[in-house]
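Working notes, beginning with the structure itself.
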2 protein chains.
Amino acid sequence: MEEVTIKDIARLCGVGVSTVSRAINNHPDINPETRDHILNIIKEYNYIPNNSARNLKRTESKTIAILVKAIDNPFFSSMIRVFEKEIKYERFDFFLQHIDNNQDEIEVAIGLAKEKKLMGIVFLGGFSEHSEEALRQLKVPFVVSTVELDNSVEDCLYSFVSVDDKRESRRLADYLIGLGHRRIALLSAQKDDESIGRLRMEGYKSALSQHGIPIDEDLIVYTPKDCEVYSRRSGYVMMQQLMEREKDFTAVIAISDMVAVGACKAVFENGRRVPEDYSIAGFDGLPETFYYEPSITTIKQPLEEIAESSIKNLFYMIRHEEKAPNKKFEGELLKRESTRKIG
Amino acid sequence: MEEVTIKDIARLCGVGVSTVSRAINNHPDINPETRDHILNIIKEYNYIPNNSARNLKRTESKTIAILVKAIDNPFFSSMIRVFEKEIKYERFDFFLQHIDNNQDEIEVAIGLAKEKKLMGIVFLGGFSEHSEEALRQLKVPFVVSTVELDNSVEDCLYSFVSVDDKRESRRLADYLIGLGHRRIALLSAQKDDESIGRLRMEGYKSALSQHGIPIDEDLIVYTPKDCEVYSRRSGYVMMQQLMEREKDFTAVIAISDMVAVGACKAVFENGRRVPEDYSIAGFDGLPETFYYEPSITTIKQPLEEIAESSIKNLFYMIRHEEKAPNKKFEGELLKRESTRKIG
DNA sequence: TTGTAGGCGTTATCAT
DNA sequence: ATGATAACGCCTACAA
């Protein structure tokens with residue numbers, strides 16, 4: 001395992017290791033000629049500096065980690081493009097790493113912060129409730145993008161940026177009610193959901209209440225334990241259950257676009273039609289809903305704006321060492337073919 | 001920046017650092033009592049070992065990297081689950097890292113291999129042609145999953161595992177021909193594609209030729225430069241172009257499922273129907289095609305099998321220090337509603 | 001079973 | 001502008 005190290009390069013160039021280091025890191029006080037020479041030798045010998053050693057020694061690194069939960073979440077690609085652009089603009093480095101469901105995101109973050117001497121962290125696609133103690137461990141500013149949850153820990157630099165899930169969900173229900181629907185079903189997250197699922201459900205309930213429509217628990221279906229939440233399959237299964245109940249309803253709000261797609265399919269397989277038999281609406285504004293037939297009414301999250309605001313907040317905290325305020329964005333109601341006026 | 005280090009813990013426990021190290025790493029020769037005590041103190045002080053230091057010192061690490069290109073590719077989640085399971089079974093660690101389009105995957109891999117003392121690498125979702133020299137730099141066994149490309153470099157431990165894109169594509173075309181279609185269009189990748197796109201096109205052409213059907217270049221549409229390849233939008237745009245040409249055709253093969261979905265939408269917006277006016281087929285077997293209305297005929301890639309075989313090959317190479325053979329799997333033709341018999 | 005000391009590859013400090 | 005050298009935090013002989 002004959003690894004080339006900085007010493008080898010130094011010897012090969014007839015200079016000291018510190019000079020090589022200066023060449024690698026673009027330090028100012030180095031003779032341009034020697035630098036070029038060194039760089040050439042480095043190329044020739046395919047020398048690549050060992051990052052562990054660098055990180056160990058460095059005190060700062062100008063790098064930001066983006067920690068993604070649920071890699072298959074279709075949101076992320078557009079957001080990541082924004083992050084990338086802004087981070088490069090600030091002349092920072094970044095890397096993307098996945099966190100799987102049975103890892104504790106804060107623990108991973110703390111470890112990485114030490115290992116890589118991070119300047120900041122973006123959490124994407126899920127963030128659980130954490131103890132103050134855990135949060136305080138993470139001495140690096142971070143922003144949680146797409147989730148709202150603030151448990152408000154003092155002197156801990158973080159910020160949440162998201163859509164106002166409750167308000168948007170209410171808006172969607174309002175729209176259906178405006179179309180004349182009174183019996184509106186909800187395909188919800190799992191029963192014990194304490195996060196986005198609960199907020200969206202609250203929005204739904206609040207809209208109904210405001211219009212004097214009683215909430216019928218039989219029209220609320222929860223994601224079964226053996227289904228992945230927010231998945232097409234969960235929507236498919238829930239919609240089947242709902243239709244079997246033979247309750248009367250004319251519209252369905254799905255907790256997410258994917259769920260809406262699954263629900264539509266269940267309707268078709270049942271020999272009925274959307275929107276003629278049931279109006280169905282989703283939530284998120286994924287491209288898939290535009291291409292679906294019929295196109296699906298949904299609330300579009302302003303992902304690019306959320307991403308941009310997230311990263312701005314992060315840099316603010318890095319620069320000013322002071323908490324950036326949480327931010328909630330407005331969604332956009334996309335009125336499409338899967339919902340229609342009745343009555 | 002008062003970081004807790006192994007020395008602090010040692011002092012706190014009144015033992016030497018090596019004892020703490022033994023406790024952390026589950027070494028056998030340590031008194032269980034002292035170990036428990038140390039572990040408690042570690043918990044209490046929230047000590048987390050610095051990975052850079054560990055990796056620097058370590059000679060081996062039993063960890064495998066999964067390098068993912070195109071994070072938004074809908075394949076990956078099911079494959080990653082398989083990787084995870086197998087890797088854990090072998091008592092290795094792994095992590096997932098994203099590579100963006102303007103990074104050179106081999107360079108990243110070489111850097112990571114050094115930094116983390118990797119035992120192996122899985123490349124997922126794209127792999128370019130690389131020079132022998134570059135490949136040889138990477139002294140760690142690797143497997144490329146989902147792509148076939150072998151440029152056959154000696155004494156370099158790697159292996160490709162994928163579906164036989166050409167054969168499966170031919171099969172799909174055969175099926176359509178069997179249904180009576182003669183004028184079959186192809187929605188293809190970009191014109192200069194040298195990878196999967198080309199293979200699938202070859203399969204299409206070969207099927208037509210075998211059946212004595214002349215290849216009409218006007219029925220082949222290429223992904224425009226300003227469209228993302230394999231995207232719904234590209235399918236939408238290409239199908240529009242195709243219909244504008246007013247050429248006669250009865251069936252369409254899309255280079256991927258997403259492209260097929262976009263194509264269907266274009267048909268609907270044109271006031272026509274699938275499959276009554278056009279039969280449309282995709283490739284990949286993504287869940288989305290099942291939920292689409294009409295459900296889309298496609299070739300399903302056996303992703304779990306591919307993943308399993310990939311990781312098996314990787315461990316084989318790690319253990320035996322000898323190249324594992326490339327492997328090509330059969331796809332499964334899913335005959336669904338988007339295609340029909342004519343004539 | 002435990003502690004001491006040296007070194008992993010780099011960067012930072014201090015001379016020169 | 002350059003070079004020697006001491007850390008960085010950990011692991012691992014080796015000694016005790």
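The chains in the structure tokens are called A, B, ... from first to last as shown; in each chain the residues are counted from 1, and the ligands are counted from 1 in the order shown.
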Least-squares align chain B to chain A using all Cα atoms paired by position, then dump the moved coordinates as a short mmCIF file (atom, residue, chain, number, x, y, z; two decimals) with C-alpha atoms, in the first residue's frame.
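Listing of selection_18.cif after writing:
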```
data_model
loop_
_atom_site.label_atom_id
_atom_site.label_comp_id
_atom_site.auth_asym_id
_atom_site.auth_seq_id
_atom_site.Cartn_x
_atom_site.Cartn_y
_atom_site.Cartn_z
CA MET B 1 0.06 0.11 0.37
CA GLU B 2 2.57 2.60 -0.98
CA GLU B 3 0.62 5.78 -0.47
CA VAL B 4 2.17 8.98 -1.68
CA THR B 5 2.35 11.53 1.11
CA ILE B 6 3.27 15.14 1.33
CA LYS B 7 6.75 14.14 2.41
CA ASP B 8 7.32 12.12 -0.70
CA ILE B 9 6.32 15.08 -2.81
CA ALA B 10 8.59 17.33 -0.79
CA ARG B 11 11.51 14.99 -1.29
CA LEU B 12 10.74 14.56 -4.95
CA CYS B 13 10.73 18.31 -5.41
CA GLY B 14 13.71 18.95 -3.23
CA VAL B 15 11.76 21.30 -1.00
CA GLY B 16 10.32 21.24 2.49
CA VAL B 17 6.88 19.94 3.32
CA SER B 18 5.60 23.36 4.24
CA THR B 19 6.36 24.59 0.77
CA VAL B 20 4.34 21.76 -0.66
CA SER B 21 1.56 22.56 1.76
CA ARG B 22 1.61 26.16 0.61
CA ALA B 23 1.38 25.05 -2.97
CA ILE B 24 -1.57 22.80 -2.26
CA ASN B 25 -3.48 25.39 -0.32
CA ASN B 26 -2.82 28.34 -2.56
CA HIS B 27 -0.93 30.26 0.04
CA PRO B 28 0.28 33.66 -1.05
CA ASP B 29 3.90 33.59 0.01
CA ILE B 30 5.36 31.08 -2.34
CA ASN B 31 7.38 31.53 -5.47
CA PRO B 32 5.07 30.93 -8.42
CA GLU B 33 7.71 28.87 -10.15
CA THR B 34 8.32 26.50 -7.29
CA ARG B 35 4.56 26.24 -6.86
CA ASP B 36 4.03 25.27 -10.46
CA HIS B 37 6.80 22.76 -10.27
CA ILE B 38 5.36 21.21 -7.16
CA LEU B 39 1.90 21.10 -8.65
CA ASN B 40 3.27 19.30 -11.67
CA ILE B 41 4.98 16.67 -9.60
CA ILE B 42 1.77 16.24 -7.63
CA LYS B 43 -0.15 15.60 -10.83
CA GLU B 44 2.46 13.24 -12.07
CA TYR B 45 2.46 11.14 -8.94
CA ASN B 46 -1.27 11.38 -8.50
CA TYR B 47 -0.85 12.67 -5.02
CA ILE B 48 -4.07 13.37 -3.17
CA PRO B 49 -3.84 14.87 0.31
CA ASN B 50 -5.29 12.80 3.08
CA ASN B 51 -8.39 14.53 4.33
CA SER B 52 -8.33 12.93 7.71
CA ALA B 53 -4.97 14.47 8.40
CA ARG B 54 -6.10 17.82 7.09
CA ASN B 55 -9.27 17.86 9.10
CA LEU B 56 -7.45 16.77 12.17
CA LYS B 57 -5.05 19.63 12.01
CA ARG B 58 -7.35 22.30 10.71
CA THR B 59 -9.23 24.51 13.10
CA GLU B 60 -11.80 25.62 10.59
CA SER B 61 -12.80 24.31 7.25
CA LYS B 62 -15.41 26.45 5.53
CA THR B 63 -17.51 23.45 4.84
CA ILE B 64 -21.18 22.82 5.30
CA ALA B 65 -22.88 19.46 5.54
CA ILE B 66 -26.29 18.74 4.10
CA LEU B 67 -27.84 15.87 5.96
CA VAL B 68 -30.64 14.21 4.08
CA LYS B 69 -33.16 11.90 5.58
CA ALA B 70 -35.24 9.72 3.27
CA ILE B 71 -33.12 9.80 0.18
CA ASP B 72 -36.04 8.90 -2.03
CA ASN B 73 -37.94 12.04 -1.23
CA PRO B 74 -38.63 13.68 -4.57
CA PHE B 75 -38.29 17.20 -3.20
CA PHE B 76 -34.67 17.26 -2.75
CA SER B 77 -33.07 17.60 -6.10
CA SER B 78 -34.38 21.08 -6.76
CA MET B 79 -33.50 22.24 -3.28
CA ILE B 80 -30.03 20.83 -3.39
CA ARG B 81 -29.31 22.72 -6.53
CA VAL B 82 -30.10 25.92 -4.69
CA PHE B 83 -27.96 24.99 -1.72
CA GLU B 84 -25.10 24.16 -3.98
CA LYS B 85 -25.28 27.44 -5.83
CA GLU B 86 -25.43 29.58 -2.71
CA ILE B 87 -22.71 27.67 -0.90
CA LYS B 88 -20.37 27.94 -3.84
CA TYR B 89 -21.14 31.61 -4.11
CA GLU B 90 -19.97 32.04 -0.54
CA ARG B 91 -16.86 30.08 -1.44
CA PHE B 92 -17.61 27.33 1.00
CA ASP B 93 -17.43 23.63 0.37
CA PHE B 94 -20.25 21.26 1.06
CA PHE B 95 -21.12 17.64 0.95
CA LEU B 96 -24.28 15.67 1.05
CA GLN B 97 -24.73 12.75 3.33
CA HIS B 98 -27.59 10.45 3.89
CA ILE B 99 -28.99 9.56 7.28
CA ASP B 100 -31.04 6.44 7.51
CA ASN B 101 -34.11 6.05 9.58
CA ASN B 102 -32.57 4.31 12.54
CA GLN B 103 -29.76 6.78 12.95
CA ASP B 104 -30.12 9.71 15.28
CA GLU B 105 -29.61 12.77 13.15
CA ILE B 106 -28.19 14.86 15.97
CA GLU B 107 -25.65 12.27 16.91
CA VAL B 108 -24.49 11.97 13.34
CA ALA B 109 -24.32 15.72 13.10
CA ILE B 110 -22.23 16.08 16.24
CA GLY B 111 -19.80 13.44 15.02
CA LEU B 112 -19.46 15.04 11.63
CA ALA B 113 -19.07 18.49 13.07
CA LYS B 114 -16.03 17.31 14.98
CA GLU B 115 -14.63 15.18 12.26
CA LYS B 116 -14.90 17.75 9.51
CA LYS B 117 -14.73 20.91 11.55
CA LEU B 118 -17.99 21.98 9.99
CA MET B 119 -19.17 25.57 9.95
CA GLY B 120 -22.83 24.69 9.54
CA ILE B 121 -25.39 22.03 8.83
CA VAL B 122 -28.57 21.80 6.82
CA PHE B 123 -31.09 19.17 7.80
CA LEU B 124 -33.36 18.09 5.03
CA GLY B 125 -36.40 15.89 4.96
CA GLY B 126 -37.25 15.07 8.50
CA PHE B 127 -36.20 16.09 11.93
CA SER B 128 -37.34 14.54 15.16
CA GLU B 129 -37.95 16.04 18.51
CA HIS B 130 -34.65 16.20 20.42
CA SER B 131 -33.67 16.87 23.98
CA GLU B 132 -32.26 20.27 24.82
CA GLU B 133 -29.15 18.53 25.98
CA ALA B 134 -28.60 16.86 22.62
CA LEU B 135 -29.29 20.07 20.74
CA ARG B 136 -26.86 21.97 22.87
CA GLN B 137 -24.12 19.44 22.08
CA LEU B 138 -24.24 20.53 18.52
CA LYS B 139 -22.15 23.63 18.70
CA VAL B 140 -22.46 24.38 15.05
CA PRO B 141 -25.23 26.54 13.57
CA PHE B 142 -27.85 24.54 11.74
CA VAL B 143 -31.04 25.03 9.85
CA VAL B 144 -33.88 22.60 9.40
CA SER B 145 -35.36 22.96 5.99
CA THR B 146 -38.90 21.92 5.16
CA VAL B 147 -39.90 21.11 8.72
CA GLU B 148 -41.41 23.34 11.39
CA LEU B 149 -40.89 22.20 14.93
CA ASP B 150 -39.16 24.79 17.03
CA ASN B 151 -38.66 23.60 20.56
CA SER B 152 -36.87 26.83 21.30
CA VAL B 153 -33.58 26.13 23.00
CA GLU B 154 -31.68 29.17 24.17
CA ASP B 155 -28.12 29.93 23.08
CA CYS B 156 -28.17 27.32 20.41
CA LEU B 157 -27.88 28.54 16.85
CA TYR B 158 -30.59 27.08 14.69
CA SER B 159 -33.54 28.01 12.55
CA PHE B 160 -36.50 26.30 10.93
CA VAL B 161 -37.68 27.18 7.45
CA SER B 162 -40.78 25.66 5.94
CA VAL B 163 -44.24 26.15 4.62
CA ASP B 164 -47.03 26.83 7.10
CA ASP B 165 -48.49 23.36 6.84
CA LYS B 166 -51.56 24.04 8.89
CA ARG B 167 -52.53 27.19 7.08
CA GLU B 168 -51.96 25.72 3.63
CA SER B 169 -53.89 22.62 4.46
CA ARG B 170 -56.73 24.79 5.63
CA ARG B 171 -56.59 26.70 2.40
CA LEU B 172 -56.88 23.53 0.41
CA ALA B 173 -59.90 22.41 2.39
CA ASP B 174 -61.41 25.87 2.00
CA TYR B 175 -61.05 25.54 -1.72
CA LEU B 176 -62.89 22.24 -1.81
CA ILE B 177 -65.61 23.61 0.40
CA GLY B 178 -65.85 26.55 -1.94
CA LEU B 179 -66.44 24.10 -4.76
CA GLY B 180 -69.46 22.87 -2.90
CA HIS B 181 -68.04 19.84 -1.13
CA ARG B 182 -69.25 19.16 2.39
CA ARG B 183 -68.30 15.53 2.91
CA ILE B 184 -64.54 15.67 2.56
CA ALA B 185 -62.40 12.71 3.53
CA LEU B 186 -58.81 12.94 4.74
CA LEU B 187 -56.11 10.41 3.94
CA SER B 188 -53.79 11.07 6.80
CA ALA B 189 -50.38 10.08 8.13
CA GLN B 190 -50.06 7.52 10.87
CA LYS B 191 -52.28 7.95 13.85
CA ASP B 192 -49.48 8.90 16.21
CA ASP B 193 -47.87 11.39 13.86
CA GLU B 194 -46.68 14.45 15.73
CA SER B 195 -45.14 16.36 12.91
CA ILE B 196 -46.25 17.50 9.49
CA GLY B 197 -49.04 14.95 9.42
CA ARG B 198 -50.64 16.43 12.48
CA LEU B 199 -50.35 19.99 11.24
CA ARG B 200 -51.99 19.19 7.96
CA MET B 201 -54.77 17.40 9.75
CA GLU B 202 -55.32 20.39 12.00
CA GLY B 203 -55.66 22.62 8.97
CA TYR B 204 -58.27 20.31 7.54
CA LYS B 205 -60.27 20.20 10.75
CA SER B 206 -60.05 23.90 11.27
CA ALA B 207 -61.41 24.64 7.80
CA LEU B 208 -64.33 22.31 8.29
CA SER B 209 -65.16 23.76 11.67
CA GLN B 210 -65.03 27.30 10.39
CA HIS B 211 -67.59 26.40 7.80
CA GLY B 212 -69.79 24.69 10.31
CA ILE B 213 -69.16 21.27 8.86
CA PRO B 214 -69.03 18.60 11.56
CA ILE B 215 -65.91 16.44 11.61
CA ASP B 216 -66.74 12.86 10.83
CA GLU B 217 -64.02 10.59 12.15
CA ASP B 218 -65.15 7.91 9.73
CA LEU B 219 -63.95 10.11 6.91
CA ILE B 220 -60.45 10.25 8.32
CA VAL B 221 -58.22 7.35 7.36
CA TYR B 222 -54.81 6.80 8.90
CA THR B 223 -51.81 5.28 7.20
CA PRO B 224 -51.61 1.65 8.26
CA LYS B 225 -48.53 0.64 10.21
CA ASP B 226 -47.32 -1.62 7.45
CA CYS B 227 -47.33 1.13 4.85
CA GLU B 228 -44.63 3.65 4.32
CA VAL B 229 -46.01 7.07 5.16
CA TYR B 230 -46.54 9.49 2.29
CA SER B 231 -46.19 6.66 -0.21
CA ARG B 232 -48.36 5.94 -3.21
CA ARG B 233 -49.16 2.57 -1.79
CA SER B 234 -50.46 4.04 1.44
CA GLY B 235 -52.82 6.25 -0.56
CA TYR B 236 -53.97 3.29 -2.58
CA VAL B 237 -54.68 1.22 0.50
CA MET B 238 -56.37 4.00 2.43
CA MET B 239 -58.62 4.91 -0.48
CA GLN B 240 -59.68 1.31 -0.84
CA GLN B 241 -60.55 1.19 2.83
CA LEU B 242 -62.47 4.40 2.54
CA MET B 243 -64.56 3.22 -0.37
CA GLU B 244 -65.30 -0.04 1.38
CA ARG B 245 -66.79 1.85 4.27
CA GLU B 246 -69.56 2.93 1.95
CA LYS B 247 -69.72 6.28 3.63
CA ASP B 248 -70.92 9.13 1.59
CA PHE B 249 -68.25 11.59 0.49
CA THR B 250 -67.48 13.65 -2.58
CA ALA B 251 -63.92 14.84 -2.05
CA VAL B 252 -60.63 13.60 -0.64
CA ILE B 253 -57.66 15.47 0.70
CA ALA B 254 -54.49 13.43 0.70
CA ILE B 255 -51.73 14.23 3.11
CA SER B 256 -49.26 14.35 0.23
CA ASP B 257 -49.12 14.18 -3.54
CA MET B 258 -47.92 10.62 -3.58
CA VAL B 259 -50.83 9.59 -1.43
CA ALA B 260 -53.16 11.38 -3.82
CA VAL B 261 -51.75 9.44 -6.74
CA GLY B 262 -52.30 6.15 -4.95
CA ALA B 263 -55.83 7.20 -4.09
CA CYS B 264 -56.64 8.04 -7.69
CA LYS B 265 -55.47 4.64 -8.79
CA ALA B 266 -57.71 2.95 -6.26
CA VAL B 267 -60.64 4.93 -7.59
CA PHE B 268 -59.93 3.88 -11.15
CA GLU B 269 -59.56 0.25 -10.22
CA ASN B 270 -62.92 0.52 -8.58
CA GLY B 271 -64.36 1.56 -11.90
CA ARG B 272 -65.01 5.12 -10.84
CA ARG B 273 -63.66 8.40 -12.01
CA VAL B 274 -61.76 11.43 -10.83
CA PRO B 275 -63.11 14.07 -10.51
CA GLU B 276 -66.57 12.97 -11.62
CA ASP B 277 -67.08 10.60 -8.71
CA TYR B 278 -64.55 11.99 -6.29
CA SER B 279 -62.54 15.15 -6.25
CA ILE B 280 -59.02 14.38 -5.02
CA ALA B 281 -56.34 16.82 -3.92
CA GLY B 282 -52.75 16.37 -2.85
CA PHE B 283 -50.12 18.41 -1.08
CA ASP B 284 -46.53 19.34 -2.02
CA GLY B 285 -46.69 20.29 -5.67
CA LEU B 286 -44.49 17.54 -7.06
CA PRO B 287 -44.01 17.35 -10.82
CA GLU B 288 -45.69 13.99 -10.84
CA THR B 289 -49.04 15.63 -10.14
CA PHE B 290 -48.77 17.73 -13.26
CA TYR B 291 -48.10 14.72 -15.43
CA TYR B 292 -50.76 12.57 -13.88
CA GLU B 293 -54.03 12.12 -15.75
CA PRO B 294 -56.07 13.89 -14.56
CA SER B 295 -53.62 16.47 -13.32
CA ILE B 296 -53.91 16.73 -9.55
CA THR B 297 -54.94 19.76 -7.56
CA THR B 298 -52.34 20.44 -4.90
CA ILE B 299 -50.55 22.93 -2.72
CA LYS B 300 -47.18 23.71 -4.12
CA GLN B 301 -44.40 24.25 -1.65
CA PRO B 302 -42.00 26.98 -2.77
CA LEU B 303 -39.01 24.69 -2.50
CA GLU B 304 -36.47 26.98 -4.08
CA GLU B 305 -37.47 29.83 -1.81
CA ILE B 306 -37.37 27.60 1.20
CA ALA B 307 -33.95 26.35 0.23
CA GLU B 308 -32.65 29.83 -0.40
CA SER B 309 -33.98 31.19 2.83
CA SER B 310 -32.58 28.21 4.70
CA ILE B 311 -29.09 28.67 3.47
CA LYS B 312 -29.27 32.42 3.98
CA ASN B 313 -30.27 31.86 7.56
CA LEU B 314 -27.42 29.47 8.01
CA PHE B 315 -24.86 31.92 6.75
CA TYR B 316 -26.39 34.61 8.86
CA MET B 317 -25.89 32.48 11.93
CA ILE B 318 -22.36 31.59 10.91
CA ARG B 319 -21.45 35.23 10.42
CA HIS B 320 -23.28 36.87 13.27
CA GLU B 321 -23.26 34.09 15.82
CA GLU B 322 -26.85 34.88 16.55
CA LYS B 323 -29.99 32.93 15.94
CA ALA B 324 -31.81 33.58 12.70
CA PRO B 325 -35.59 33.76 12.96
CA ASN B 326 -37.69 30.85 11.81
CA LYS B 327 -39.51 31.44 8.60
CA LYS B 328 -42.73 30.15 7.11
CA PHE B 329 -43.54 30.50 3.45
CA GLU B 330 -46.81 30.61 1.63
CA GLY B 331 -47.69 27.73 -0.63
CA GLU B 332 -49.42 28.07 -3.93
CA LEU B 333 -52.77 26.45 -4.58
CA LEU B 334 -52.63 24.76 -7.96
CA LYS B 335 -56.20 24.27 -9.13
CA ARG B 336 -56.22 21.41 -11.56
CA GLU B 337 -58.35 18.72 -13.09
CA SER B 338 -58.69 16.29 -10.21
CA THR B 339 -61.15 18.50 -8.36
CA ARG B 340 -64.40 19.97 -9.56
CA LYS B 341 -67.41 21.96 -8.54
CA ILE B 342 -70.44 20.07 -7.35
CA GLY B 343 -73.96 20.72 -6.16
#
```
| query | For chain D, which residues have at least one atom within 10 Å of chain B, if we go by only C-alpha atoms (C1' of nucleotides)? Write them as a ChimeraX atom specification, please. | reply | /D:8-12
| said: For the structure I just gave you, how does DSSP split range 219-310 of chain A - specifically, which residues are strand (DSSP E)? Reply as an NGL selection string. | reply: :A and (220-221 or 251-254 or 279-281 or 298-300)
Keeping N, CA, C and O atoms, export the residues of the selection given above as an mmCIF file, in the first residue's frame.
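Result written to out-v4.cif:
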```
data_model
loop_
_atom_site.group_PDB
_atom_site.id
_atom_site.type_symbol
_atom_site.label_atom_id
_atom_site.label_comp_id
_atom_site.auth_asym_id
_atom_site.auth_seq_id
_atom_site.Cartn_x
_atom_site.Cartn_y
_atom_site.Cartn_z
ATOM 1 N N ILE A 220 -61.811 10.110 8.206
ATOM 2 C CA ILE A 220 -60.360 10.268 8.359
ATOM 3 C C ILE A 220 -59.718 8.891 8.384
ATOM 4 O O ILE A 220 -60.052 8.050 9.225
ATOM 5 N N VAL A 221 -58.824 8.656 7.456
ATOM 6 C CA VAL A 221 -58.145 7.360 7.385
ATOM 7 C C VAL A 221 -56.680 7.572 7.726
ATOM 8 O O VAL A 221 -56.068 8.527 7.260
ATOM 9 N N ALA A 251 -65.251 14.329 -1.773
ATOM 10 C CA ALA A 251 -63.896 14.825 -2.005
ATOM 11 C C ALA A 251 -62.920 14.192 -1.034
ATOM 12 O O ALA A 251 -63.306 13.704 0.029
ATOM 13 N N VAL A 252 -61.648 14.204 -1.432
ATOM 14 C CA VAL A 252 -60.601 13.600 -0.611
ATOM 15 C C VAL A 252 -59.391 14.525 -0.582
ATOM 16 O O VAL A 252 -58.938 14.995 -1.632
ATOM 17 N N ILE A 253 -58.902 14.776 0.597
ATOM 18 C CA ILE A 253 -57.621 15.480 0.719
ATOM 19 C C ILE A 253 -56.577 14.454 1.137
ATOM 20 O O ILE A 253 -56.751 13.758 2.144
ATOM 21 N N ALA A 254 -55.543 14.361 0.353
ATOM 22 C CA ALA A 254 -54.469 13.440 0.700
ATOM 23 C C ALA A 254 -53.357 14.231 1.365
ATOM 24 O O ALA A 254 -53.109 15.375 1.028
ATOM 25 N N SER A 279 -63.600 14.161 -6.034
ATOM 26 C CA SER A 279 -62.531 15.140 -6.213
ATOM 27 C C SER A 279 -61.379 14.741 -5.298
ATOM 28 O O SER A 279 -61.605 14.394 -4.138
ATOM 29 N N ILE A 280 -60.171 14.783 -5.820
ATOM 30 C CA ILE A 280 -59.021 14.387 -5.004
ATOM 31 C C ILE A 280 -57.932 15.444 -5.089
ATOM 32 O O ILE A 280 -57.578 15.890 -6.186
ATOM 33 N N ALA A 281 -57.395 15.813 -3.945
ATOM 34 C CA ALA A 281 -56.326 16.814 -3.920
ATOM 35 C C ALA A 281 -55.125 16.310 -3.139
ATOM 36 O O ALA A 281 -55.269 15.519 -2.204
ATOM 37 N N THR A 298 -53.277 20.590 -6.032
ATOM 38 C CA THR A 298 -52.344 20.432 -4.922
ATOM 39 C C THR A 298 -51.856 21.788 -4.406
ATOM 40 O O THR A 298 -52.105 22.816 -5.030
ATOM 41 N N ILE A 299 -51.196 21.751 -3.278
ATOM 42 C CA ILE A 299 -50.535 22.940 -2.747
ATOM 43 C C ILE A 299 -49.057 22.826 -3.077
ATOM 44 O O ILE A 299 -48.394 21.878 -2.657
ATOM 45 N N LYS A 300 -48.555 23.781 -3.799
ATOM 46 C CA LYS A 300 -47.152 23.711 -4.172
ATOM 47 C C LYS A 300 -46.281 24.403 -3.138
ATOM 48 O O LYS A 300 -46.445 25.583 -2.851
#
```
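With C1' of DC8 in chain C on one side and C1' of DA1 in chain D on the other, the separation reads 28.8 Å.
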| Expected answer as a ChimeraX atom specification: chain C residues within 9 Å of chain A, only C-alpha atoms (C1' of nucleotides) | /C:8-12
| How would you write, as a PyMOL selection string, the set of residues in range 136-168 of chain B that DSSP gives as helix (DSSP H, G or I)? | chain B and resi 136-137+165-168
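Every protein, DNA or RNA residue with an atom at most 12 Å from DC14 in chain D, where only C-alpha atoms (C1' of nucleotides) count and chain neighbours fewer than 4 positions away do not, is listed here: DG3, DT4, DA5 and DG6 of chain C.
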